[in-house]
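*Asks:* Next up, coords-v1.txt (compact mmCIF, C-alpha atoms and all ligand atoms).
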```txt
# COMPACT_ATOMS: atom_id res chain seq x y z
CA MET A 64 5.03 -17.55 -8.88
CA LYS A 65 2.25 -15.70 -10.67
CA ILE A 66 1.49 -12.11 -9.72
CA THR A 67 -1.45 -10.06 -10.96
CA VAL A 68 -1.64 -6.29 -10.70
CA ILE A 69 -5.16 -4.90 -11.04
CA GLY A 70 -5.24 -1.33 -12.34
CA ALA A 71 -2.79 -0.35 -15.07
CA GLY A 72 -2.63 3.30 -14.10
CA ASN A 73 0.26 5.13 -12.49
CA VAL A 74 0.75 2.93 -9.43
CA GLY A 75 -0.21 -0.34 -11.12
CA ALA A 76 2.02 0.05 -14.16
CA THR A 77 4.98 1.33 -12.12
CA THR A 78 4.58 -1.57 -9.69
CA ALA A 79 4.36 -4.12 -12.50
CA PHE A 80 7.50 -2.75 -14.13
CA ARG A 81 9.51 -2.89 -10.90
CA LEU A 82 8.26 -6.43 -10.22
CA ALA A 83 9.30 -7.50 -13.73
CA GLU A 84 12.73 -5.92 -13.44
CA LYS A 85 13.29 -7.66 -10.12
CA GLN A 86 12.10 -10.96 -11.63
CA LEU A 87 9.87 -11.59 -8.66
CA ALA A 88 7.38 -13.52 -10.77
CA ARG A 89 7.60 -16.03 -13.57
CA GLU A 90 4.31 -14.68 -14.85
CA LEU A 91 2.97 -11.17 -14.37
CA VAL A 92 -0.52 -10.08 -15.45
CA LEU A 93 -1.55 -6.44 -15.63
CA LEU A 94 -5.34 -6.00 -15.77
CA ASP A 95 -7.51 -2.93 -16.21
CA VAL A 96 -11.07 -2.14 -17.29
CA VAL A 97 -9.82 0.14 -20.05
CA GLU A 98 -9.19 -1.83 -23.21
CA GLY A 99 -5.74 -1.57 -24.75
CA ILE A 100 -3.99 0.14 -21.84
CA PRO A 101 -2.86 -2.97 -19.93
CA GLN A 102 -2.03 -4.76 -23.19
CA GLY A 103 0.05 -1.85 -24.51
CA LYS A 104 1.85 -1.17 -21.23
CA ALA A 105 2.57 -4.87 -20.63
CA LEU A 106 3.97 -5.34 -24.12
CA ASP A 107 6.13 -2.25 -23.71
CA MET A 108 7.47 -3.64 -20.42
CA TYR A 109 8.07 -7.06 -21.96
CA GLU A 110 10.01 -5.50 -24.83
CA SER A 111 12.32 -3.84 -22.29
CA GLY A 112 13.34 -7.32 -21.08
CA PRO A 113 16.27 -7.83 -23.46
CA VAL A 114 17.78 -4.52 -22.35
CA GLY A 115 16.70 -4.65 -18.71
CA LEU A 116 17.75 -8.30 -18.64
CA PHE A 117 14.67 -9.97 -17.27
CA ASP A 118 12.60 -12.88 -18.55
CA THR A 119 9.36 -12.29 -16.67
CA LYS A 120 6.39 -13.01 -18.93
CA VAL A 121 4.37 -9.80 -18.70
CA THR A 122 0.91 -9.74 -20.26
CA GLY A 123 -1.91 -7.21 -20.24
CA SER A 124 -5.58 -8.11 -20.10
CA ASN A 125 -9.16 -7.04 -19.49
CA ASP A 126 -10.21 -10.62 -18.72
CA TYR A 127 -10.05 -12.06 -15.20
CA ALA A 128 -9.64 -15.56 -16.64
CA ASP A 129 -6.05 -14.50 -17.38
CA THR A 130 -5.46 -13.91 -13.66
CA ALA A 131 -6.29 -17.55 -12.82
CA ASN A 132 -4.22 -19.16 -10.07
CA SER A 133 -2.41 -16.00 -9.04
CA ASP A 134 -0.27 -16.37 -5.94
CA ILE A 135 -0.29 -12.65 -5.22
CA VAL A 136 -2.72 -9.99 -6.42
CA VAL A 137 -2.01 -6.28 -6.00
CA ILE A 138 -5.12 -4.08 -6.17
CA THR A 139 -4.42 -0.55 -7.40
CA ALA A 140 -7.75 -0.07 -9.22
CA GLY A 141 -9.61 3.06 -8.25
CA LEU A 142 -9.63 6.79 -8.46
CA PRO A 143 -6.77 8.89 -7.12
CA ARG A 144 -7.58 12.15 -5.34
CA LYS A 145 -7.17 15.68 -6.68
CA PRO A 146 -6.00 18.81 -4.81
CA GLY A 147 -8.40 19.76 -2.02
CA MET A 148 -9.71 16.21 -1.59
CA SER A 149 -9.05 13.86 1.30
CA ARG A 150 -8.49 10.16 0.68
CA GLU A 151 -11.81 9.52 2.43
CA ASP A 152 -13.55 11.50 -0.33
CA LEU A 153 -12.80 8.48 -2.56
CA LEU A 154 -14.56 6.10 -0.19
CA MET A 155 -17.83 5.31 -1.93
CA MET A 156 -16.49 5.23 -5.48
CA ASN A 157 -13.44 3.10 -4.69
CA ALA A 158 -15.30 0.75 -2.33
CA GLY A 159 -17.51 -0.29 -5.25
CA ILE A 160 -14.47 -0.83 -7.47
CA VAL A 161 -12.45 -2.76 -4.87
CA ARG A 162 -15.43 -4.92 -3.97
CA GLU A 163 -16.06 -5.84 -7.61
CA VAL A 164 -12.38 -6.39 -8.38
CA THR A 165 -11.99 -8.66 -5.35
CA ARG A 166 -15.08 -10.65 -6.29
CA ARG A 167 -13.68 -11.24 -9.77
CA ILE A 168 -10.20 -12.15 -8.48
CA MET A 169 -11.66 -14.78 -6.17
CA GLU A 170 -13.57 -16.40 -9.02
CA HIS A 171 -10.25 -17.38 -10.58
CA SER A 172 -7.72 -17.70 -7.73
CA LYS A 173 -8.40 -19.90 -4.70
CA ASN A 174 -6.01 -18.68 -2.07
CA PRO A 175 -4.07 -15.61 -3.20
CA ILE A 176 -2.34 -13.10 -0.97
CA ILE A 177 -3.93 -9.73 -1.73
CA VAL A 178 -1.98 -6.50 -1.31
CA VAL A 179 -4.32 -3.52 -1.38
CA VAL A 180 -3.18 -0.08 -2.50
CA SER A 181 -6.41 1.74 -3.45
CA ASN A 182 -7.50 4.57 -1.18
CA PRO A 183 -8.74 5.18 1.42
CA LEU A 184 -6.28 2.41 2.13
CA ASP A 185 -7.24 0.90 5.45
CA ILE A 186 -10.93 0.84 4.56
CA MET A 187 -10.29 -0.62 1.10
CA THR A 188 -8.21 -3.35 2.75
CA PHE A 189 -11.17 -4.13 4.98
CA VAL A 190 -13.44 -4.24 1.90
CA ALA A 191 -11.10 -6.61 0.07
CA TRP A 192 -10.81 -8.84 3.12
CA LYS A 193 -14.57 -9.01 3.67
CA GLN A 194 -15.32 -9.62 0.01
CA SER A 195 -12.58 -12.22 -0.47
CA GLY A 196 -13.41 -14.44 2.49
CA LEU A 197 -9.65 -14.97 2.87
CA PRO A 198 -7.97 -15.36 6.27
CA LYS A 199 -6.91 -11.97 7.59
CA GLU A 200 -3.23 -12.90 7.25
CA ARG A 201 -3.64 -12.92 3.46
CA VAL A 202 -5.12 -9.45 2.92
CA ILE A 203 -2.61 -6.68 3.59
CA GLY A 204 -2.71 -2.95 2.97
CA MET A 205 0.25 -0.94 1.72
CA ALA A 206 0.76 2.42 3.39
CA GLY A 207 3.12 2.19 6.35
CA VAL A 208 6.13 1.40 4.15
CA LEU A 209 5.36 4.51 2.10
CA ASP A 210 4.68 6.76 5.07
CA SER A 211 7.86 5.54 6.78
CA ALA A 212 9.82 6.05 3.54
CA ARG A 213 8.64 9.65 3.41
CA PHE A 214 9.62 10.27 7.05
CA ARG A 215 13.00 8.62 6.38
CA SER A 216 13.59 10.79 3.30
CA PHE A 217 12.80 14.00 5.18
CA ILE A 218 15.14 13.04 8.04
CA ALA A 219 17.94 12.12 5.62
CA MET A 220 17.42 15.43 3.82
CA GLU A 221 17.48 17.34 7.11
CA LEU A 222 20.69 15.74 8.38
CA GLY A 223 22.45 15.26 5.04
CA VAL A 224 22.92 11.54 5.76
CA SER A 225 22.30 8.41 3.71
CA MET A 226 18.67 7.33 3.66
CA GLN A 227 19.95 3.82 4.17
CA ASP A 228 20.85 4.62 7.75
CA VAL A 229 17.49 6.11 8.67
CA THR A 230 14.83 3.84 10.14
CA ALA A 231 11.38 5.25 10.82
CA CYS A 232 8.22 4.00 12.41
CA VAL A 233 4.87 5.37 11.20
CA LEU A 234 1.80 3.61 12.53
CA GLY A 235 -1.96 4.01 12.19
CA GLY A 236 -4.35 4.67 9.37
CA HIS A 237 -3.08 6.11 6.08
CA GLY A 238 -4.59 9.54 6.61
CA ASP A 239 -3.88 12.81 8.33
CA ALA A 240 -4.19 11.00 11.67
CA MET A 241 -1.25 8.66 10.97
CA VAL A 242 1.21 8.32 13.85
CA PRO A 243 4.91 8.90 13.16
CA VAL A 244 6.53 7.46 16.29
CA VAL A 245 9.56 9.62 17.05
CA LYS A 246 10.79 7.31 19.81
CA TYR A 247 11.38 4.46 17.34
CA THR A 248 12.85 6.61 14.57
CA THR A 249 16.61 6.48 14.44
CA VAL A 250 19.73 7.19 12.39
CA ALA A 251 22.09 4.22 12.67
CA GLY A 252 20.40 3.43 15.97
CA ILE A 253 20.65 7.00 17.32
CA PRO A 254 17.22 8.39 18.29
CA ILE A 255 16.39 11.41 16.11
CA ALA A 256 15.55 13.36 19.27
CA ASP A 257 19.34 13.37 19.93
CA LEU A 258 20.06 14.77 16.46
CA ILE A 259 17.25 17.16 15.53
CA PRO A 260 15.62 19.87 17.68
CA ALA A 261 12.09 19.02 18.86
CA ASP A 262 10.38 21.87 16.97
CA ARG A 263 12.03 20.76 13.72
CA ILE A 264 11.03 17.11 14.33
CA ALA A 265 7.45 18.34 14.75
CA GLU A 266 7.68 19.97 11.30
CA LEU A 267 9.03 16.77 9.71
CA VAL A 268 6.25 14.77 11.38
CA GLU A 269 3.68 17.16 9.94
CA ARG A 270 5.26 16.98 6.48
CA THR A 271 5.07 13.18 6.68
CA ARG A 272 1.38 13.28 7.64
CA THR A 273 0.63 15.48 4.65
CA GLY A 274 3.20 13.86 2.34
CA GLY A 275 0.58 12.43 -0.02
CA ALA A 276 -1.19 15.79 -0.37
CA GLU A 277 2.14 17.51 -1.04
CA ILE A 278 2.56 15.38 -4.19
CA VAL A 279 -1.12 15.74 -5.17
CA ASN A 280 -0.74 19.51 -5.01
CA TYR A 281 2.21 19.35 -7.41
CA LEU A 282 0.69 16.85 -9.84
CA LYS A 283 -2.85 18.32 -9.82
CA GLN A 284 -4.21 15.37 -11.85
CA GLY A 285 -3.37 12.43 -9.62
CA SER A 286 -1.27 11.26 -6.72
CA ALA A 287 2.16 9.82 -6.00
CA PHE A 288 3.24 6.61 -7.68
CA TYR A 289 7.01 6.08 -7.68
CA ALA A 290 7.38 5.81 -3.90
CA PRO A 291 4.06 3.91 -3.56
CA ALA A 292 5.12 1.37 -6.22
CA ALA A 293 8.53 0.92 -4.59
CA SER A 294 6.76 0.30 -1.28
CA VAL A 295 4.43 -2.32 -2.76
CA VAL A 296 7.40 -4.10 -4.30
CA GLU A 297 9.24 -4.17 -0.96
CA MET A 298 6.23 -5.97 0.54
CA VAL A 299 5.78 -8.36 -2.39
CA GLU A 300 9.48 -9.19 -2.37
CA SER A 301 9.34 -10.15 1.30
CA ILE A 302 6.41 -12.47 0.57
CA VAL A 303 7.84 -14.02 -2.60
CA LEU A 304 11.31 -14.58 -1.19
CA ASP A 305 9.94 -15.40 2.29
CA ARG A 306 12.34 -12.79 3.65
CA LYS A 307 10.41 -12.19 6.91
CA ARG A 308 10.92 -8.44 6.64
CA VAL A 309 9.39 -6.44 9.47
CA LEU A 310 7.37 -3.77 7.71
CA THR A 311 4.51 -1.56 8.75
CA CYS A 312 1.39 -2.75 6.92
CA ALA A 313 -2.34 -2.31 7.35
CA VAL A 314 -3.60 -5.50 8.94
CA SER A 315 -6.67 -6.49 10.90
CA LEU A 316 -5.88 -6.28 14.61
CA ASP A 317 -7.13 -8.74 17.14
CA GLY A 318 -6.92 -6.82 20.40
CA GLU A 319 -3.33 -5.65 19.92
CA TYR A 320 -2.93 -1.99 20.96
CA GLY A 321 -6.47 -2.24 22.39
CA ILE A 322 -7.84 -2.33 18.82
CA ASP A 323 -10.12 -5.12 17.69
CA GLY A 324 -11.16 -6.00 14.13
CA THR A 325 -9.90 -2.78 12.50
CA PHE A 326 -7.29 -2.55 9.75
CA VAL A 327 -4.51 -0.12 10.67
CA GLY A 328 -0.78 0.10 10.09
CA VAL A 329 1.41 -1.72 12.60
CA PRO A 330 4.75 -3.56 12.27
CA VAL A 331 4.33 -7.10 11.00
CA LYS A 332 6.54 -9.94 9.80
CA LEU A 333 5.88 -10.61 6.10
CA GLY A 334 6.70 -13.98 4.62
CA LYS A 335 5.39 -16.62 2.25
CA ASN A 336 2.19 -16.98 4.27
CA GLY A 337 1.47 -13.26 4.29
CA VAL A 338 1.32 -11.70 7.77
CA GLU A 339 3.22 -14.14 9.94
CA GLN A 340 3.39 -12.06 13.11
CA VAL A 341 1.94 -8.80 14.40
CA TYR A 342 4.27 -6.89 16.69
CA GLU A 343 2.75 -5.05 19.61
CA ILE A 344 5.48 -2.55 20.47
CA LYS A 345 5.52 -0.50 23.66
CA LEU A 346 4.19 2.97 22.92
CA ASP A 347 4.06 6.10 25.04
CA GLN A 348 0.50 6.81 26.14
CA SER A 349 0.26 9.83 23.81
CA ASP A 350 1.22 7.72 20.74
CA LEU A 351 -1.12 4.92 21.81
CA ASP A 352 -3.96 7.44 22.14
CA LEU A 353 -3.22 8.74 18.63
CA LEU A 354 -3.10 5.20 17.21
CA GLN A 355 -6.42 4.31 18.79
CA LYS A 356 -7.97 7.58 17.53
CA SER A 357 -6.72 6.82 14.05
CA ALA A 358 -8.32 3.34 14.27
CA VAL A 359 -11.65 4.90 15.30
CA ILE A 360 -11.58 7.04 12.13
CA VAL A 361 -11.00 3.91 10.01
CA ASP A 362 -13.75 2.08 11.86
CA ASP A 363 -16.26 4.90 11.43
CA ASN A 364 -15.60 4.93 7.69
CA CYS A 365 -15.98 1.15 7.45
CA LYS A 366 -19.35 1.47 9.16
CA MET A 367 -20.46 3.93 6.48
CA LEU A 368 -20.15 1.16 3.92
CA GLU A 369 -23.18 -0.93 3.59
CA ALA A 370 -22.68 -4.64 3.13
CA PRO A 371 -23.66 -7.08 1.66
CA PHE A 372 -20.37 -8.69 0.89
CA THR A 373 -21.20 -11.61 -1.34
N1 LIG B 1 -1.92 3.12 -0.34
C1 LIG B 1 -1.16 4.09 -0.78
O1 LIG B 1 -0.21 4.49 -0.13
C2 LIG B 1 -1.43 4.68 -2.13
C3 LIG B 1 -0.42 5.35 -2.82
C4 LIG B 1 -0.68 5.86 -4.08
C5 LIG B 1 -1.96 5.70 -4.64
N2 LIG B 1 -2.91 5.07 -3.93
C6 LIG B 1 -4.25 4.85 -4.49
O2 LIG B 1 -4.14 3.88 -5.53
C7 LIG B 1 -5.19 4.08 -6.47
C8 LIG B 1 -4.60 4.13 -7.89
O3 LIG B 1 -3.79 5.27 -8.04
P1 LIG B 1 -3.16 5.60 -9.47
O4 LIG B 1 -2.31 6.80 -9.28
O5 LIG B 1 -2.57 4.38 -10.07
O6 LIG B 1 -4.48 6.00 -10.29
P2 LIG B 1 -4.67 5.92 -11.87
O7 LIG B 1 -5.91 6.71 -12.18
O8 LIG B 1 -3.42 6.26 -12.56
O9 LIG B 1 -4.95 4.37 -12.13
C9 LIG B 1 -6.08 3.72 -11.65
C10 LIG B 1 -6.42 2.64 -12.65
O10 LIG B 1 -7.50 1.86 -12.13
C11 LIG B 1 -8.27 1.46 -13.24
N3 LIG B 1 -9.58 0.99 -12.81
C12 LIG B 1 -10.65 1.71 -12.39
N4 LIG B 1 -11.67 0.91 -12.12
C13 LIG B 1 -11.25 -0.36 -12.35
C14 LIG B 1 -11.85 -1.63 -12.25
N5 LIG B 1 -13.11 -1.76 -11.85
N6 LIG B 1 -11.13 -2.70 -12.58
C15 LIG B 1 -9.86 -2.59 -13.01
N7 LIG B 1 -9.22 -1.40 -13.13
C16 LIG B 1 -9.92 -0.31 -12.81
C17 LIG B 1 -8.32 2.71 -14.10
O11 LIG B 1 -8.74 2.41 -15.43
C18 LIG B 1 -6.90 3.19 -14.01
O12 LIG B 1 -6.09 2.68 -15.05
C19 LIG B 1 -5.90 5.36 -6.03
O13 LIG B 1 -7.04 5.01 -5.28
C20 LIG B 1 -4.88 6.04 -5.15
O14 LIG B 1 -5.47 6.91 -4.22
C21 LIG B 1 -2.67 4.56 -2.70
O1 LIG B 2 -2.09 10.92 -1.17
C1 LIG B 2 -2.74 10.17 -1.91
O2 LIG B 2 -3.91 10.37 -2.21
C2 LIG B 2 -2.07 8.96 -2.51
C3 LIG B 2 -1.33 8.14 -1.50
O3 LIG B 2 -2.15 7.74 -0.46
C4 LIG B 2 -0.09 8.82 -1.00
O4 LIG B 2 0.09 8.89 0.22
O5 LIG B 2 0.72 9.24 -1.82
```
Here is a file; write its structure as structure tokens.
Ligand SMILES: NC(=O)c1ccc[n+]([C@@H]2O[C@H](COP(=O)([O-])OP(=O)(O)OC[C@H]3O[C@@H](n4cnc5c(N)ncnc54)[C@H](O)[C@@H]3O)[C@@H](O)[C@H]2O)c1
Ligand SMILES: O=C(O)C[C@H](O)C(=O)O
*Replies:*
Amino acid sequence: MKITVIGAGNVGATTAFRLAEKQLARELVLLDVVEGIPQGKALDMYESGPVGLFDTKVTGSNDYADTANSDIVVITAGLPRKPGMSREDLLMMNAGIVREVTRRIMEHSKNPIIVVVSNPLDIMTFVAWKQSGLPKERVIGMAGVLDSARFRSFIAMELGVSMQDVTACVLGGHGDAMVPVVKYTTVAGIPIADLIPADRIAELVERTRTGGAEIVNYLKQGSAFYAPAASVVEMVESIVLDRKRVLTCAVSLDGEYGIDGTFVGVPVKLGKNGVEQVYEIKLDQSDLDLLQKSAVIVDDNCKMLEAPFT
């Protein structure tokens, strides 16, 4: 298994380190446009192997030839937002980066599975899919795992229970219009509506929707990376080990939820072939309306991007 992480910044480097520690790849390549950064960070990670007890061969590079024959490529290249910005404000700049990165990846790897992280997430996943020419099952956006993790953390904090017992469902685009689905959010199988008053749930839902901005406002110079990297690794692990985890990921829908051809977050089965099943769960009309609205926002942004994808 060879995994490449494009972008050796906060998310990329943290992801690469977690992947190395978990020994999910025999070979791990960290690539960035900035010379020296991927090489230095990769060597530093590699030198932690004797202490962290892993043998993954981690190398840093600025040359796509070193990514040749990757089984999985994680794209984290692109600008993060600053306080006051929305993720959509990154659209034009990051679309150019993701398009170019994808073009270069595909010159050296025939049939990789691409996990997209760059923002605005759902639209960048669309860009990577279009540019790559890969089947839609092999281009997957990471956001739902992160958004659900945030909702789970807030619920665990609220109730003083282990995060392990909290399961949350957050669908839709990775923006302020995301859809935390209260009905499918439970603590050891108990619906949270039975445990937390409705007005407080509404506050936790709102905190989840603005969870990314909450971190941006603290950091000032960039956005979250520990929870995002952990979320990427959960997805990659399910693919590498063919675990068939059911995780919310941004995938291209084909009529499910009344949405056609748009990338948005829904529960999918992730295995060695990428997206192996899309689950169309029964939603209340109000949640379905929100999900469809969120897809329209993604779609409108995709339309703002001018092809050609070559
Ligand atoms: N999907 C999510 O849930 C999620 C979570 C966190 C961050 N993000 C997004 O991920 C992206 C990266 O965030 P970060 O915190 O790591 O930012 P960062 O600035 O720390 O790192 C970005 C890296 O990309 C590199 N880069 C830029 N253009 C490149 C190119 N053409 N080829 C290769 N590398 C290139 C930069 O040199 C930099 O090292 C941002 O767009 C951010 O918004 C998404
Ligand atoms: O909020 C951001 O800009 C980064 C990321 O999408 C996040 O949710 O942390």
*Asks:* Within 6 Å of range 337-354 of chain A, counting only C-alpha atoms, which residues qualify if same-chain residues fewer than 5 places away don't, as a list in words?
*Replies:*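 These residues fall inside the cut-off: Glu200, Arg201, Gly235, Pro330, Val331 and Lys332 of chain A.
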*Asks:* Within 7 Å of ligand LIG 1 (chain B), counting all atoms listed in the file: which residues, as JSON, numbers by chain?
*Replies:* {"A": [69, 70, 71, 72, 73, 74, 75, 94, 95, 96, 97, 139, 140, 141, 142, 143, 144, 150, 157, 160, 163, 164, 180, 181, 182, 183, 184, 204, 205, 206, 209, 285, 286, 287, 288, 291]}
*Asks:* Using all atoms listed in the file, can you tell me which of A:Val303, A:Leu282, A:Ile259, A:Leu368 comes closest to ligand LIG 2 (chain B)?
*Replies:*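 Among A:Val303, A:Leu282, A:Ile259, A:Leu368, it is A:Leu282 that comes nearest to ligand LIG 2 (chain B).
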*Asks:* Calculate how many Å separate CA of Phe80 in chain A from CA of Thr311 in chain A, rounding to one decimal.
*Replies:*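 Interatomic distance, CA of Phe80 in chain A to CA of Thr311 in chain A: 23.1 Å.
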*Asks:* Out of A:Lys173, A:Lys366, A:Arg166, A:Lys145, which residue has the shortest atom-to-atom distance to Ala131 in chain A when counting all atoms listed in the file?
*Replies:*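 Using all atoms listed in the file, the shortest distance to Ala131 in chain A belongs to A:Lys173.
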*Asks:* In Å, rounded to a single decimal, give me how far CA of Ser294 in chain A is from CA of Glu277 in chain A.
*Replies:*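 Taking CA of Glu277 in chain A as the start and CA of Ser294 in chain A as the end point, the length is 17.8 Å.
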*Asks:* Mind working out the centre and edge lengths of an axis-aligned box for range 64-80 of chain A, all listed atoms inside, 4 Å added to each side, rounded to one decimal in Å and written as JSON?
*Replies:*
```
{"center_x": 1.1, "center_y": -6.2, "center_z": -12.0, "size_x": 20.7, "size_y": 30.7, "size_z": 14.2}
```
*Asks:* Quick one: residues within 7 Å of Thr188 in chain A, all atoms listed in the file, excluding same-chain residues fewer than 2 positions away - as an MDAnalysis selection string?
*Replies:* chainID A and resid 179 184:186 190:192 202:204
*Asks:* Do you know which residues are at most 8 Å from Ile322 in chain A counting all atoms listed in the file, after dropping those on the same chain fewer than 4 positions away, and could you put them as a PyMOL selection string?
*Replies:* chain A and resi 316-318+355+358
*Asks:* List the neighbours of Met64 in chain A out to 9 Å using all atoms listed in the file; skip same-chain residues closer than 3 positions along the sequence, and give me the result as a PyMOL selection string.
*Replies:* chain A and resi 87-91+133-135+303
*Asks:* Just the number, please: distance in Å from CA of Lys193 in chain A to CA of Gly159 in chain A, one decimal.
*Replies:*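 CA of Lys193 in chain A sits 12.8 Å away from CA of Gly159 in chain A.
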*Asks:* Ranking A:Met241, A:Val296, A:Met156, A:Ala290 by minimum distance to ligand LIG 2 (chain B) and counting all atoms listed in the file, which one comes first?
*Replies:* A:Ala290
*Asks:* Of the candidates A:Val359, A:Ile255, A:Ala158, A:Ile302, which shows the shortest atom-to-atom distance to Leu222 in chain A, using only C-alpha atoms?
*Replies:*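 Result for the nearest residue to Leu222 in chain A: A:Ile255.
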*Asks:* Let me make sure I understand: among A:Ala313, A:Ile218, A:Val299, A:Ile278, which one has the smallest atom-to-atom distance to Phe326 in chain A if we use all atoms listed in the file?
*Replies:* A:Ala313
*Asks:* At most 8 Å from (5.1, -7.3, -14.2), file frame, only C-alpha atoms: which residues, as a list in words?
*Replies:* Ile66, Thr67, Val68, Ala76, Thr78, Ala79, Phe80, Arg81, Leu82, Ala83, Glu84, Ala88, Glu90, Leu91, Val92, Leu93, Ala105, Met108, Thr119, Lys120, Val121 and Thr122 of chain A
*Asks:* Restricting the output to C-alpha atoms, write the selected residues as a PDB file, in the coordinates of the input.
*Replies:*
```pdb
ATOM      1  CA  ILE A  66       1.490 -12.110  -9.720  1.00  0.00           C
ATOM      2  CA  THR A  67      -1.450 -10.060 -10.960  1.00  0.00           C
ATOM      3  CA  VAL A  68      -1.640  -6.290 -10.700  1.00  0.00           C
ATOM      4  CA  ALA A  76       2.020   0.050 -14.160  1.00  0.00           C
ATOM      5  CA  THR A  78       4.580  -1.570  -9.690  1.00  0.00           C
ATOM      6  CA  ALA A  79       4.360  -4.120 -12.500  1.00  0.00           C
ATOM      7  CA  PHE A  80       7.500  -2.750 -14.130  1.00  0.00           C
ATOM      8  CA  ARG A  81       9.510  -2.890 -10.900  1.00  0.00           C
ATOM      9  CA  LEU A  82       8.260  -6.430 -10.220  1.00  0.00           C
ATOM     10  CA  ALA A  83       9.300  -7.500 -13.730  1.00  0.00           C
ATOM     11  CA  GLU A  84      12.730  -5.920 -13.440  1.00  0.00           C
ATOM     12  CA  ALA A  88       7.380 -13.520 -10.770  1.00  0.00           C
ATOM     13  CA  GLU A  90       4.310 -14.680 -14.850  1.00  0.00           C
ATOM     14  CA  LEU A  91       2.970 -11.170 -14.370  1.00  0.00           C
ATOM     15  CA  VAL A  92      -0.520 -10.080 -15.450  1.00  0.00           C
ATOM     16  CA  LEU A  93      -1.550  -6.440 -15.630  1.00  0.00           C
ATOM     17  CA  ALA A 105       2.570  -4.870 -20.630  1.00  0.00           C
ATOM     18  CA  MET A 108       7.470  -3.640 -20.420  1.00  0.00           C
ATOM     19  CA  THR A 119       9.360 -12.290 -16.670  1.00  0.00           C
ATOM     20  CA  LYS A 120       6.390 -13.010 -18.930  1.00  0.00           C
ATOM     21  CA  VAL A 121       4.370  -9.800 -18.700  1.00  0.00           C
ATOM     22  CA  THR A 122       0.910  -9.740 -20.260  1.00  0.00           C
TER      23      THR A 122
END
```
*Asks:* Is there a way to get, as a list in words, all residues within 8 Å of the point (-2.3, -3.4, -22.5) in file coordinates, counting only C-alpha atoms?
*Replies:*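 Looking at atoms near the point gives Leu93, Leu94, Glu98, Gly99, Ile100, Pro101, Gln102, Gly103, Lys104, Ala105, Leu106, Thr122, Gly123 and Ser124 of chain A.
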*Asks:* Return the single residue from A:Ala251, A:Leu153, A:Ala240, A:Leu333 that is closest to ligand LIG 2 (chain B), with distances computed using only C-alpha atoms and all ligand atoms.
*Replies:*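 Of A:Ala251, A:Leu153, A:Ala240, A:Leu333, the one nearest ligand LIG 2 (chain B), counting only C-alpha atoms and all ligand atoms, is A:Leu153.
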*Asks:* List the spatial neighbours of range 243-245 of chain A as an MDAnalysis selection string - criterion: any atom at most 9 Å away, all atoms listed in the file, same-chain residues fewer than 6 positions off excluded.
*Replies:* chainID A and resid 210:211 214 231:235 254:256 264 268:269 271:272 346 350
*Asks:* Emit the selected residues as an mmCIF file, in the frame of the given file, including C-alpha atoms.
*Replies:*
```
data_model
loop_
_atom_site.group_PDB
_atom_site.id
_atom_site.type_symbol
_atom_site.label_atom_id
_atom_site.label_comp_id
_atom_site.auth_asym_id
_atom_site.auth_seq_id
_atom_site.Cartn_x
_atom_site.Cartn_y
_atom_site.Cartn_z
ATOM 1 C CA ASP A 210 4.680 6.760 5.070
ATOM 2 C CA SER A 211 7.860 5.540 6.780
ATOM 3 C CA PHE A 214 9.620 10.270 7.050
ATOM 4 C CA ALA A 231 11.380 5.250 10.820
ATOM 5 C CA CYS A 232 8.220 4.000 12.410
ATOM 6 C CA VAL A 233 4.870 5.370 11.200
ATOM 7 C CA LEU A 234 1.800 3.610 12.530
ATOM 8 C CA GLY A 235 -1.960 4.010 12.190
ATOM 9 C CA PRO A 254 17.220 8.390 18.290
ATOM 10 C CA ILE A 255 16.390 11.410 16.110
ATOM 11 C CA ALA A 256 15.550 13.360 19.270
ATOM 12 C CA ILE A 264 11.030 17.110 14.330
ATOM 13 C CA VAL A 268 6.250 14.770 11.380
ATOM 14 C CA GLU A 269 3.680 17.160 9.940
ATOM 15 C CA THR A 271 5.070 13.180 6.680
ATOM 16 C CA ARG A 272 1.380 13.280 7.640
ATOM 17 C CA LEU A 346 4.190 2.970 22.920
ATOM 18 C CA ASP A 350 1.220 7.720 20.740
#
```
*Asks:* Missing atoms in range 274-280 of chain A should be modelled up to N, CA and C atoms and reported as a short mmCIF file (atom, residue, chain, number, x, y, z; two decimals), in the coordinates of the input.
*Replies:*
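Done, and the output landed in result.cif:
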```
data_model
loop_
_atom_site.label_atom_id
_atom_site.label_comp_id
_atom_site.auth_asym_id
_atom_site.auth_seq_id
_atom_site.Cartn_x
_atom_site.Cartn_y
_atom_site.Cartn_z
N GLY A 274 2.29 14.17 3.46
CA GLY A 274 3.20 13.86 2.34
C GLY A 274 2.47 13.50 1.05
N GLY A 275 1.35 12.80 1.17
CA GLY A 275 0.58 12.43 -0.02
C GLY A 275 -0.01 13.68 -0.67
N ALA A 276 -0.57 14.56 0.15
CA ALA A 276 -1.19 15.79 -0.37
C ALA A 276 -0.14 16.70 -1.01
N GLU A 277 1.08 16.67 -0.47
CA GLU A 277 2.14 17.51 -1.04
C GLU A 277 2.36 17.14 -2.51
N ILE A 278 2.37 15.84 -2.79
CA ILE A 278 2.56 15.38 -4.19
C ILE A 278 1.32 15.69 -5.02
N VAL A 279 0.14 15.45 -4.45
CA VAL A 279 -1.12 15.74 -5.17
C VAL A 279 -1.15 17.20 -5.59
N ASN A 280 -0.70 18.07 -4.70
CA ASN A 280 -0.74 19.51 -5.01
C ASN A 280 0.23 19.89 -6.13
#
```
